[in-house]
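To start, the structure under review is shown below, and the notes come after it.
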Amino acid sequence: MEVKRAKITAVGHYLPEHRMTNHDLEKLVDTNDEWIRTRTGIEERRILKDPDKATAFMGTEAAKEVLENRGISAEEIDLIILATVTPDYFFPATACLVQKNIGAKNAFAFDLSAACSGFLYALSTGSMYIESGRAQKVLVIGTDKMSSILNYEDRSTCILFGDGAGAVLLEESDDETGLIDQKHYVEGDSDCALYQPAGGSLNPATPETVEKGLHYLKQDGRAVFKKATMGMADVSLEIMKINNLDPEDVAWLVPHQANLRIIDATARRMGVSSEKVMVNINKYGNTTAGTIPLCLYDWQEKLNYGDNLILAAFGGGFTWGAIYLKWGTK
Ligand code: ACO
């Protein structure tokens, strides 16, 4: 039986205009530009200032750009999968808000929560709908308003993240290009190393949880760093080996942008040289589900038909994984 393959046929993005530089953060917490740049690679990040706009707005803008770039109407979309850890509401799903905003009246839609691995998990899930023939056009969106869950008095976390969104369209490939392989992992016993303690059903919002700042992102930075460095490097190498890819066969590494040192370690382990690694953490920080599609957006002009791409991510959960795809957009 011939197996269908899903490929990315268009990319879109949204970044808020406001740039928060490391120097801006020096005025809020005891930090400095040099520390942030050398420890993380971040120089500035975008912040969505408008209090009336959030994750759905950014996802909507990214989705609109995908439709425009592909030259199709929203009615042609069958499915929207939206990865986020900062939904507008617990329910309805942020994907439903995007469905309404773009007028995708023939689509069903749901959110997917896998923190910084969210976009990869969503891309894998979306590809299954294409491969099974149950959907023809799937919008996969990664969007996070990280500034909504950051404590700008905590220097160990607030310097790391930014707001932003990216999106892609998945359609059936008619040749060898498209998503070829995927590998995903979870280590659920590390749940409290990177999490948002309150606001869910275990610790619903109360004056006390707000007073204790339990609605902010908390992480054990060193533990996450160690595990992320190993996890992202291991899974990237694993997917290369399974698919008989040598370093010279890889055209681009598309890594989640959490820390430049994690990205460098992954590339070193794969044997991939730094010119083949997409890095924009300096401009946007860690936008969680947004990082990988934002890389694809920024690099789309440099991608050639048939290029081998390895997408890799690590995030809260812990969740991590990699996708091997052949770029299929001319
Ligand atoms: N400015 C200046 N000094 C700081 C800052 C800051 N912003 N933050 C911490 N420090 C200090 C610490 O207090 C510590 O001081 P001490 O030695 O006197 O105790 C020193 O710098 C070193 O701290 P470390 O935590 O060891 O610094 P490290 O080199 O590990 O860098 C960082 C910290 C950047 C957070 C790193 O651990 C990291 O990137 N972790 C991974 C983050 C990540 O990948 N998250 C996953 C994705 S997020 C998601 O899934 C939603």
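Residue numbering restarts at 1 for every chain of the structure tokens, chains are lettered A, B, ... in their displayed order, and ligands are numbered from 1 as they appear.
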>> Applying 12 Å and only C-alpha atoms, which residues near A:Glu2 remain after dropping the ones on its own chain fewer than 6 positions away? List them as a PyMOL selection string.
In response: chain A and resi 131-133+174-176
inquiry  = Could you list, as a ChimeraX atom specification, every residue within 9 Å of A:Leu217, counting only C-alpha atoms and ignoring same-chain residues fewer than 2 positions away?
reply    = /A:146,149-151,157-158,194-197,214-215,219
Can you spit out the residues from that selection as a short mmCIF file (atom, residue, chain, number, x, y, z; two decimals), in the first residue's frame, using N, CA, C and O atoms?
```cif
data_model
loop_
_atom_site.label_atom_id
_atom_site.label_comp_id
_atom_site.auth_asym_id
_atom_site.auth_seq_id
_atom_site.Cartn_x
_atom_site.Cartn_y
_atom_site.Cartn_z
N MET A 146 4.43 34.28 26.48
CA MET A 146 5.15 33.88 27.69
C MET A 146 5.18 34.99 28.73
O MET A 146 5.22 34.72 29.94
N ILE A 149 3.00 34.78 31.87
CA ILE A 149 3.25 33.89 33.02
C ILE A 149 4.66 34.09 33.60
O ILE A 149 5.17 33.22 34.30
N LEU A 150 5.27 35.24 33.27
CA LEU A 150 6.61 35.50 33.80
C LEU A 150 6.57 36.48 34.97
O LEU A 150 5.78 37.43 34.96
N ASN A 151 7.44 36.22 35.93
CA ASN A 151 7.60 37.13 37.06
C ASN A 151 8.79 38.03 36.76
O ASN A 151 9.95 37.57 36.79
N THR A 157 14.26 33.51 35.44
CA THR A 157 13.31 33.09 34.39
C THR A 157 12.92 34.20 33.41
O THR A 157 12.79 33.95 32.22
N CYS A 158 12.76 35.45 33.92
CA CYS A 158 12.16 36.48 33.06
C CYS A 158 13.05 36.89 31.88
O CYS A 158 12.56 37.39 30.88
N LEU A 194 9.96 22.21 35.82
CA LEU A 194 9.60 23.30 34.92
C LEU A 194 8.09 23.31 34.81
O LEU A 194 7.50 22.44 34.16
N TYR A 195 7.45 24.27 35.51
CA TYR A 195 5.99 24.23 35.54
C TYR A 195 5.39 25.53 36.04
O TYR A 195 6.10 26.45 36.48
N GLN A 196 4.05 25.57 35.96
CA GLN A 196 3.30 26.71 36.48
C GLN A 196 2.44 26.15 37.62
O GLN A 196 1.46 25.47 37.38
N PRO A 197 2.84 26.37 38.88
CA PRO A 197 2.24 25.64 39.99
C PRO A 197 0.73 25.85 40.19
O PRO A 197 0.03 24.92 40.59
N LEU A 214 2.26 31.99 42.50
CA LEU A 214 2.29 30.61 42.00
C LEU A 214 1.76 30.47 40.57
O LEU A 214 1.74 29.37 40.02
N HIS A 215 1.33 31.58 39.98
CA HIS A 215 0.85 31.53 38.59
C HIS A 215 1.97 31.84 37.60
O HIS A 215 1.73 31.89 36.40
N GLN A 219 11.17 27.25 37.32
CA GLN A 219 12.01 26.17 36.82
C GLN A 219 13.29 26.03 37.62
O GLN A 219 13.79 26.99 38.18
#
```
Exercise for review: Enumerate, as a PyMOL selection string, the complete set of residues in stretch 9-209 of chain A that a backbone-based DSSP assignment places in strand (DSSP E).
Suggested key: chain A and resi 9-14+18-21+44-47+79-83+108-112+138-145+163-172+178-186+194-195
Assign secondary structure with DSSP using the backbone only, and return the residues of stretch 62-196 of chain A in alpha helix (DSSP H) as a ChimeraX atom specification. /A:62-70,94-102,118-131,155-158
Subject >> Test item: residues no farther than 7 Å from ligand 1, counting only C-alpha atoms and all ligand atoms, as JSON, numbers by chain >> reply: {"A": [30, 31, 32, 35, 36, 39, 40, 115, 116, 155, 156, 157, 159, 194, 221, 222, 224, 225, 228, 258, 259, 288, 314, 315, 316]}
Residue contacts of stretch 43-52 of chain A (10 Å, only C-alpha atoms) excluding same-chain residues fewer than 2 positions away, as an MDAnalysis selection string: chainID A and resid 15:25 33:34 36:38 40:41 54:55 57:58 145:148 159:164 280:287
Item checked: Nearby residues (only C-alpha atoms) at most 9 Å from A:Met230, same-chain spacing under 5 positions excluded, as number ranges by chain -> A: 225, 235, 262, 265-266
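Look at A:Glu171: the protein and nucleic acid residues within 7 Å of it, using only C-alpha atoms and passing over chain neighbours fewer than 3 places away, are Ala6, Lys7, Ile8, Thr9, Ile130, Gln136, Lys137 and Val138 of chain A.
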Problem set entry | Spatial neighbours of stretch 89-98 of chain A, 10 Å, only C-alpha atoms, chain gap at least 2 places, as number ranges by chain | A: 54-64, 79-87, 100-104, 107-112, 139-141, 143, 199-200
> Given the choices A:Leu260, A:Ile42, A:Leu253, A:Ala322, which gets closest to A:Leu296 if the distance is worked out from only C-alpha atoms?
Replying inline: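 Closest residue, counting only C-alpha atoms: A:Leu253.
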